[in-house]
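Beneath this line is the structure, given in C-alpha cells, with notes to follow.
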Amino acid sequence: MDSIAEQQRQAYEDMERLEQAVVDLMLQKLTKHRYRLIREQKISNLLDQIQARSKLITELNLDESGLRAKEMHMMGTGFDSFYAQLDKVRAHHRRNPELSVQPPELDYIKYTRNPEEADEKRRVLEARLRDTTNVENVEIDDTELETFVSEGDMDKLETMFSGDERFGRYVDLNEQHKLYINLRGTSTISYVEYLNVCTRFGDIPAAAKDNLYVEYLRSLAAYFESYFARSMPLFDLPKAQREADEAFEKEWAERKENEMDVELFCEPCQRTFEKETTYKAHMSSRKHQKTVDRLAKSTCAKTESRVDHAKRIARLEHKVQCYVRALGSKLSDTRANVQRRQALTEDERMHELHDVDEIEYSDDADTAHAYNPLNLPLGWDGKPIPFWLYKLHGLSITFSCEICGNSVYRGRSAYERHFQEPRHASNMRRLGIPNTRQFHGVASISEALELWARVDAEKKAEDVDNDTFEEYEDAEGNVFSKKTYFDLKRQGLI
C-alpha cells in the first residue's frame with residue numbers, strides 16, 4: 001500500500017491531468033450534435049472524478065486516524081524509513097520482473113483528438129484500402145484514431161432519448177399532456193396547444209388543484225430533472241433547485257394568501273371549492289362523513305393543513321416554471337418541430353425517423369438562435385421558412401378537426417391530406433361511419449353523424465323504392481310497376 005504522502009501526490013497529479021483533459025475537450029470545435037452531447041457527458045464525468053480526488057485529499061489532510069502525522073514524523077527522523085520503503089519497492093519488482101508500466105499520459109491522449117477529424121481520416125484510409133494499387137501499403141491503426149467517443153457511448157446515446165426528443169433537441173411531454181387533459185377544470189386540447197399553456201398554472205381554477213393536480217406537477221418536475229441529466233449534463237441542477245426554493249420562500253413570505261381558497265378547503269377530503277354553497281353541501285354530505293369517520297378510526301392518519309396544501313402546490317408550480325426558464329427555447333423549438341412534422345406526408349415522417357440526422361452547427365450556433373419573430377414553421381435545415389412561402393402555402397390559416405381530438409393543422413393541404421390518414425379513418429370507424437369520399441371535409445362530429453343519418457336514410461329509401469322504379473309491360477302493351485304487374489298476374493287479370 002502506498003504511503004499517505006504518495007496518495008496525496010498521486011491525487012494532485014490526477015487532478016491536473018483531469019483538468020487538462022477538460023480543457024482539451026472544451027477547445028475542440030465540433031459541429032455534430034451527437035459528438036457535442038457526448039463531450040458534455042465526458043466533461044461531467046471528469047468533473048465528478050476531480051471532486052472525488054479533492055474529497056480524498058481533504059480527508060487525508062484531516063488525518064482523523066493520525067497515520068499522516070506519524071508518517072511525517074518518521075520522515076523527519078532520518079533516512080531509515082526511506083530505505084525501508086525502497087527495499088520493499090525493489091523486492092516487489094524482483095518478484096514481478098515482467099511487470100509492464102504504462103505511462104498515465106496514454107490514458108488522456110484520446111481527449112486531445114477530434115472525433116470528426118478522426119472520422120474523416122478513417123474514410124480516407126478506407127478509400128485508399130479499396131484501391132487495389134495501394135492495398136499492400138496502407139494499414140489502418142485504430143489506436144491512432146481512438147478518440148473520447150467510443151461505440152459504447154454511441155449505443156448508450158441511442159437508448160437515452162425517445163424518438164420525439166431527437167437526442168435532446170426537443171422535449172417529449174406527451175405523457176404530461178395526457179395527464180393534463182384528464183384534470184378537472186381543463187379542456188381537451190391538442191399537443192401543440194398544450195405546449196403553449198403547460199406553464200400557465202393560473203388558468204386552472206383553484207378548485208381543480210387536488211391531489212391529481214399535484215401528481216401532474218410532480219410528473220412535470222421529474223421529467224425536466226431527467227431531461228437536464230440526459231441532454232444538459234453540465235447544468236447545475238442542485239444549485240438551480242436551491243435558488244428556486246430560496247426565491248419561493250421569499251415570495252411566499254411576502255404574498256398574501258387567498259382567503260377564499262383557504263376557507264373553502266376540506267382537509268379530510270383534500271378538496272377545494274369555489275362556491276360557499278357547494279362547500280356547505282359537501283360538508284354535510286354522506287361521503288364527507290364517511291371520510292371523517294375513516295380517518296378518525298385510523299391511528300396513523302394525518303391530514304394536510306389548508307396552508308400546507310396551498311404551499312405545496314405553489315412550490316411545485318414555482319419549481320416547474322424555473323425549470324422551463326432554464327430550458328430556454330426548448331419548448332418553442334418543440335412546438336415548431338411538431339407543427340413542421342404535421343405538414344409532412346406519412347412517407348416523409350417515416351423517412352425522417354429512420355434517417356440518421358446530424359445537424360451541423362455554424363460558428364455562431366453557440367451564441368445565437370435563429371431569428372423567428374413571426375413564429376414561422378421550421379424547414380428541413382432547422383431554420384424558419386421564408387415568409388412568402390409561408391403565405392403561398394396558406395400556413396397562416398389553421399384548421400381544426402373535432403373528430404381527431406381537436407387537432408390543429410396549418411394550411412389547406414395538410415388539412416385535406418389528414419382525411420386520408422389512418423388516424424382520421426380510425427376515429428371515423430369509432431363513430432360507426434365509413435371514411436368515404438363524401439365525408440371528406442367534414443370535421444365536426446355532429447355534422448358527420450347528421451350526414452351519415454341522411455345518407456343511411458336515403459340508402460334505405462332507395463332499397464324500398466326499387467319496386468316502384470322497375471316497370472313491366474303486358475302482352476297488350478300496357479305498362480305497370482313491378483308490384484302492380486305481379487299482383488294482377490297472380491289474380492289472372494293479365
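Following the order of the C-alpha cells, first chain is A, next is B, and so on, with residues numbered from 1 inside each chain and ligands from 1 in the order they appear.
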
Identify, on the basis of only C-alpha atoms, every residue whose closest approach to region 85-89 of chain A does not exceed 12 Å; exclude the query and any residue fewer than 2 positions from it along the same chain; express the result as a short mmCIF file (atom, residue, chain, number, x, y, z; two decimals) with all heavy atoms, in the first residue's frame.
data_model
loop_
_atom_site.label_atom_id
_atom_site.label_comp_id
_atom_site.auth_asym_id
_atom_site.auth_seq_id
_atom_site.Cartn_x
_atom_site.Cartn_y
_atom_site.Cartn_z
N MET A 1 0.85 -1.21 0.00
CA MET A 1 0.00 0.00 0.00
C MET A 1 0.88 1.25 0.00
O MET A 1 1.88 1.32 0.72
CB MET A 1 -0.92 0.00 1.24
CG MET A 1 -1.84 1.20 1.30
SD MET A 1 -2.93 1.13 2.74
CE MET A 1 -3.78 2.69 2.55
N ASP A 2 0.56 2.21 -0.85
CA ASP A 2 1.32 3.44 -0.93
C ASP A 2 1.18 4.25 0.35
O ASP A 2 0.17 4.15 1.07
CB ASP A 2 0.85 4.28 -2.12
CG ASP A 2 1.15 3.60 -3.45
OD1 ASP A 2 2.10 2.79 -3.47
OD2 ASP A 2 0.43 3.87 -4.43
N SER A 3 2.17 5.06 0.61
CA SER A 3 2.12 5.93 1.78
C SER A 3 1.09 7.02 1.57
O SER A 3 0.63 7.29 0.45
CB SER A 3 3.50 6.54 2.04
OG SER A 3 3.87 7.35 0.94
N GLU A 6 2.32 9.68 -0.73
CA GLU A 6 2.25 9.27 -2.13
C GLU A 6 0.82 9.31 -2.65
O GLU A 6 0.57 9.68 -3.81
CB GLU A 6 2.84 7.87 -2.28
CG GLU A 6 2.73 7.28 -3.68
CD GLU A 6 3.47 8.08 -4.72
OE1 GLU A 6 4.38 8.85 -4.36
OE2 GLU A 6 3.13 7.95 -5.92
N GLU A 71 3.53 9.36 9.86
CA GLU A 71 4.39 9.19 8.70
C GLU A 71 5.29 10.39 8.50
O GLU A 71 6.49 10.25 8.18
CB GLU A 71 3.53 8.98 7.46
CG GLU A 71 4.31 8.69 6.19
CD GLU A 71 3.40 8.40 5.03
OE1 GLU A 71 2.48 7.59 5.18
OE2 GLU A 71 3.62 9.00 3.95
N MET A 74 8.14 10.16 10.98
CA MET A 74 9.15 9.18 10.59
C MET A 74 10.03 9.71 9.48
O MET A 74 11.24 9.42 9.42
CB MET A 74 8.47 7.89 10.14
CG MET A 74 7.75 7.14 11.26
SD MET A 74 6.91 5.66 10.66
CE MET A 74 8.31 4.73 10.06
N MET A 75 9.49 10.52 8.58
CA MET A 75 10.30 11.11 7.52
C MET A 75 11.32 12.09 8.06
O MET A 75 12.41 12.26 7.50
CB MET A 75 9.40 11.81 6.50
CG MET A 75 8.59 10.88 5.63
SD MET A 75 7.61 11.79 4.40
CE MET A 75 6.80 10.44 3.57
N PHE A 79 16.89 8.71 7.29
CA PHE A 79 16.68 8.00 6.04
C PHE A 79 16.32 6.53 6.23
O PHE A 79 16.26 5.78 5.26
CB PHE A 79 17.94 8.10 5.16
CG PHE A 79 18.20 9.49 4.65
CD1 PHE A 79 19.06 10.34 5.33
CD2 PHE A 79 17.57 9.94 3.51
CE1 PHE A 79 19.30 11.62 4.86
CE2 PHE A 79 17.82 11.23 3.04
CZ PHE A 79 18.68 12.08 3.72
N ASP A 80 16.16 6.10 7.48
CA ASP A 80 15.86 4.69 7.71
C ASP A 80 14.53 4.28 7.07
O ASP A 80 14.45 3.23 6.41
CB ASP A 80 15.84 4.40 9.21
CG ASP A 80 17.20 4.61 9.85
OD1 ASP A 80 18.20 4.59 9.09
OD2 ASP A 80 17.26 4.82 11.08
N SER A 81 13.49 5.09 7.29
CA SER A 81 12.19 4.76 6.72
C SER A 81 12.24 4.81 5.20
O SER A 81 11.59 4.01 4.51
CB SER A 81 11.12 5.72 7.25
OG SER A 81 11.44 7.07 6.89
N PHE A 82 13.02 5.75 4.65
CA PHE A 82 13.11 5.86 3.20
C PHE A 82 13.73 4.61 2.58
O PHE A 82 13.21 4.05 1.61
CB PHE A 82 13.94 7.10 2.82
CG PHE A 82 14.28 7.17 1.37
CD1 PHE A 82 13.33 7.55 0.43
CD2 PHE A 82 15.56 6.84 0.92
CE1 PHE A 82 13.65 7.60 -0.91
CE2 PHE A 82 15.88 6.89 -0.42
CZ PHE A 82 14.92 7.28 -1.34
N TYR A 83 14.84 4.15 3.15
CA TYR A 83 15.48 2.96 2.61
C TYR A 83 14.63 1.71 2.83
O TYR A 83 14.69 0.76 2.03
CB TYR A 83 16.86 2.78 3.22
CG TYR A 83 17.89 3.76 2.68
CD1 TYR A 83 18.42 4.76 3.49
CD2 TYR A 83 18.29 3.69 1.35
CE1 TYR A 83 19.35 5.66 2.99
CE2 TYR A 83 19.21 4.60 0.84
CZ TYR A 83 19.73 5.58 1.66
OH TYR A 83 20.65 6.47 1.15
N ALA A 91 12.00 -5.23 -3.89
CA ALA A 91 11.56 -6.62 -3.72
C ALA A 91 10.33 -6.90 -4.56
O ALA A 91 10.17 -7.99 -5.14
CB ALA A 91 11.28 -6.90 -2.24
N HIS A 92 9.42 -5.95 -4.67
CA HIS A 92 8.22 -6.12 -5.49
C HIS A 92 8.58 -6.30 -6.96
O HIS A 92 8.01 -7.18 -7.65
CB HIS A 92 7.30 -4.91 -5.31
CG HIS A 92 6.11 -4.92 -6.22
ND1 HIS A 92 5.02 -5.76 -6.02
CD2 HIS A 92 5.82 -4.20 -7.36
CE1 HIS A 92 4.13 -5.56 -6.98
NE2 HIS A 92 4.59 -4.61 -7.80
N HIS A 93 9.51 -5.53 -7.47
CA HIS A 93 9.88 -5.64 -8.87
C HIS A 93 10.72 -6.90 -9.14
O HIS A 93 10.71 -7.42 -10.25
CB HIS A 93 10.66 -4.39 -9.32
CG HIS A 93 9.76 -3.19 -9.51
ND1 HIS A 93 8.97 -3.01 -10.61
CD2 HIS A 93 9.52 -2.11 -8.69
CE1 HIS A 93 8.29 -1.88 -10.51
NE2 HIS A 93 8.61 -1.30 -9.34
N ARG A 94 11.46 -7.38 -8.12
CA ARG A 94 12.18 -8.64 -8.31
C ARG A 94 11.20 -9.81 -8.41
O ARG A 94 11.42 -10.75 -9.17
CB ARG A 94 13.15 -8.87 -7.14
CG ARG A 94 14.45 -8.07 -7.24
CD ARG A 94 15.50 -8.62 -6.29
NE ARG A 94 15.06 -8.53 -4.90
CZ ARG A 94 15.30 -7.51 -4.09
NH1 ARG A 94 16.00 -6.45 -4.55
NH2 ARG A 94 14.89 -7.49 -2.84
N ARG A 95 10.11 -9.74 -7.66
CA ARG A 95 9.11 -10.79 -7.75
C ARG A 95 8.32 -10.72 -9.06
O ARG A 95 7.78 -11.72 -9.51
CB ARG A 95 8.13 -10.71 -6.56
CG ARG A 95 8.76 -11.07 -5.23
CD ARG A 95 7.69 -11.26 -4.16
NE ARG A 95 6.91 -10.04 -3.97
CZ ARG A 95 7.20 -9.10 -3.08
NH1 ARG A 95 8.28 -9.24 -2.31
NH2 ARG A 95 6.45 -8.02 -2.94
N ASN A 96 8.20 -9.53 -9.64
CA ASN A 96 7.46 -9.34 -10.90
C ASN A 96 8.37 -8.68 -11.92
O ASN A 96 8.23 -7.47 -12.22
CB ASN A 96 6.21 -8.48 -10.65
CG ASN A 96 5.31 -9.04 -9.57
OD1 ASN A 96 4.54 -9.96 -9.79
ND2 ASN A 96 5.43 -8.48 -8.36
N PRO A 97 9.30 -9.41 -12.48
CA PRO A 97 10.26 -8.78 -13.41
C PRO A 97 9.64 -8.36 -14.74
O PRO A 97 10.15 -7.46 -15.40
CB PRO A 97 11.31 -9.88 -13.61
CG PRO A 97 10.57 -11.15 -13.37
CD PRO A 97 9.56 -10.85 -12.29
#

### Task
If you run DSSP over the backbone, which residues in region 39-215 of chain A end up alpha helix (DSSP H)? Put them as a ChimeraX atom specification.
/A:39-62,67-77,80-95,105-108,115-130,151-160,174-181,191-197,211-215

### Task
Would you kindly return, as a list in words, each protein, DNA or RNA residue with an atom no farther than 8 Å from any atom of Phe228 (chain A), considering only C-alpha atoms and excluding same-chain residues fewer than 5 positions away?
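Once the adjacent positions are removed, what remains is Pro233, Phe235 and Leu237 of chain A.
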
Write the selection just made, keeping all heavy atoms, as a PDB file, in the first residue's frame?
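Here's the written file out07.pdb:
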ATOM      1  N   PRO A 233     -25.855  17.747 -19.373  1.00  0.00           N
ATOM      2  CA  PRO A 233     -25.107  17.177 -18.230  1.00  0.00           C
ATOM      3  C   PRO A 233     -24.364  18.219 -17.408  1.00  0.00           C
ATOM      4  O   PRO A 233     -24.135  17.998 -16.209  1.00  0.00           O
ATOM      5  CB  PRO A 233     -24.117  16.208 -18.905  1.00  0.00           C
ATOM      6  CG  PRO A 233     -24.659  15.957 -20.272  1.00  0.00           C
ATOM      7  CD  PRO A 233     -25.374  17.214 -20.663  1.00  0.00           C
ATOM      8  N   PHE A 235     -25.420  21.188 -16.657  1.00  0.00           N
ATOM      9  CA  PHE A 235     -26.336  22.077 -15.939  1.00  0.00           C
ATOM     10  C   PHE A 235     -26.313  21.741 -14.451  1.00  0.00           C
ATOM     11  O   PHE A 235     -26.463  20.578 -14.051  1.00  0.00           O
ATOM     12  CB  PHE A 235     -27.751  21.923 -16.495  1.00  0.00           C
ATOM     13  CG  PHE A 235     -28.778  22.782 -15.807  1.00  0.00           C
ATOM     14  CD1 PHE A 235     -28.822  24.139 -16.027  1.00  0.00           C
ATOM     15  CD2 PHE A 235     -29.695  22.217 -14.935  1.00  0.00           C
ATOM     16  CE1 PHE A 235     -29.764  24.937 -15.402  1.00  0.00           C
ATOM     17  CE2 PHE A 235     -30.639  22.995 -14.300  1.00  0.00           C
ATOM     18  CZ  PHE A 235     -30.669  24.366 -14.531  1.00  0.00           C
ATOM     19  N   LEU A 237     -28.033  21.303 -11.589  1.00  0.00           N
ATOM     20  CA  LEU A 237     -29.408  21.146 -11.120  1.00  0.00           C
ATOM     21  C   LEU A 237     -29.554  21.400  -9.616  1.00  0.00           C
ATOM     22  O   LEU A 237     -30.502  22.078  -9.205  1.00  0.00           O
ATOM     23  CB  LEU A 237     -29.911  19.747 -11.484  1.00  0.00           C
ATOM     24  CG  LEU A 237     -31.355  19.425 -11.097  1.00  0.00           C
ATOM     25  CD1 LEU A 237     -32.322  20.385 -11.764  1.00  0.00           C
ATOM     26  CD2 LEU A 237     -31.698  17.984 -11.474  1.00  0.00           C
TER      27      LEU A 237
END

### Message
To one decimal place in Å, what is the distance between CA of Lys156 (chain A) and CA of Ser44 (chain A)?
### Response
15.7 Å

### Query
So how many Å separate CA of Asn406 (chain A) and CA of Thr188 (chain A), to one decimal?
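According to the coordinates, CA of Asn406 (chain A) and CA of Thr188 (chain A) are separated by 7.6 Å.
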
### Interatomic distance, CA of Asp119 (chain A) to CA of Gly379 (chain A) (Å, one decimal)
28.0 Å

Counting only C-alpha atoms, give me one row per residue of region 184-225 of chain A with an atom at most 9 Å from an atom of region 314-320 of chain A, showing the shortest contact pair and its distance in Å to one decimal, sorted by chain then residue number, as CSV.
residue,atom,partner,partner_atom,distance
A:Thr199,CA,A:Val320,CA,7.6
A:Phe201,CA,A:Glu317,CA,7.1
A:Val214,CA,A:Leu316,CA,7.9
A:Leu217,CA,A:Leu316,CA,6.2
A:Arg218,CA,A:Leu316,CA,7.1
A:Leu220,CA,A:Val320,CA,6.9
A:Ala221,CA,A:Val320,CA,5.6
A:Phe224,CA,A:Val320,CA,8.0

Each residue of region 41-68 of chain A lying at most 8 Å from region 16-20 of chain A should get a row with its shortest atom-to-atom pair and the distance in Å to one decimal, counting only C-alpha atoms; could you produce that, ordered by chain and increasing number, as a Markdown table?
| residue | atom | partner | partner_atom | distance |
| --- | --- | --- | --- | --- |
| A:Leu46 | CA | A:Leu18 | CA | 6.2 |
| A:Leu47 | CA | A:Leu18 | CA | 7.8 |
| A:Gln49 | CA | A:Leu18 | CA | 7.8 |
| A:Ile50 | CA | A:Leu18 | CA | 6.7 |

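When only C-alpha atoms are used to compute distances to Glu471 (chain A), the closest of the residues A:Thr345, A:Lys483, A:Tyr279, A:Arg200 turns out to be A:Lys483.
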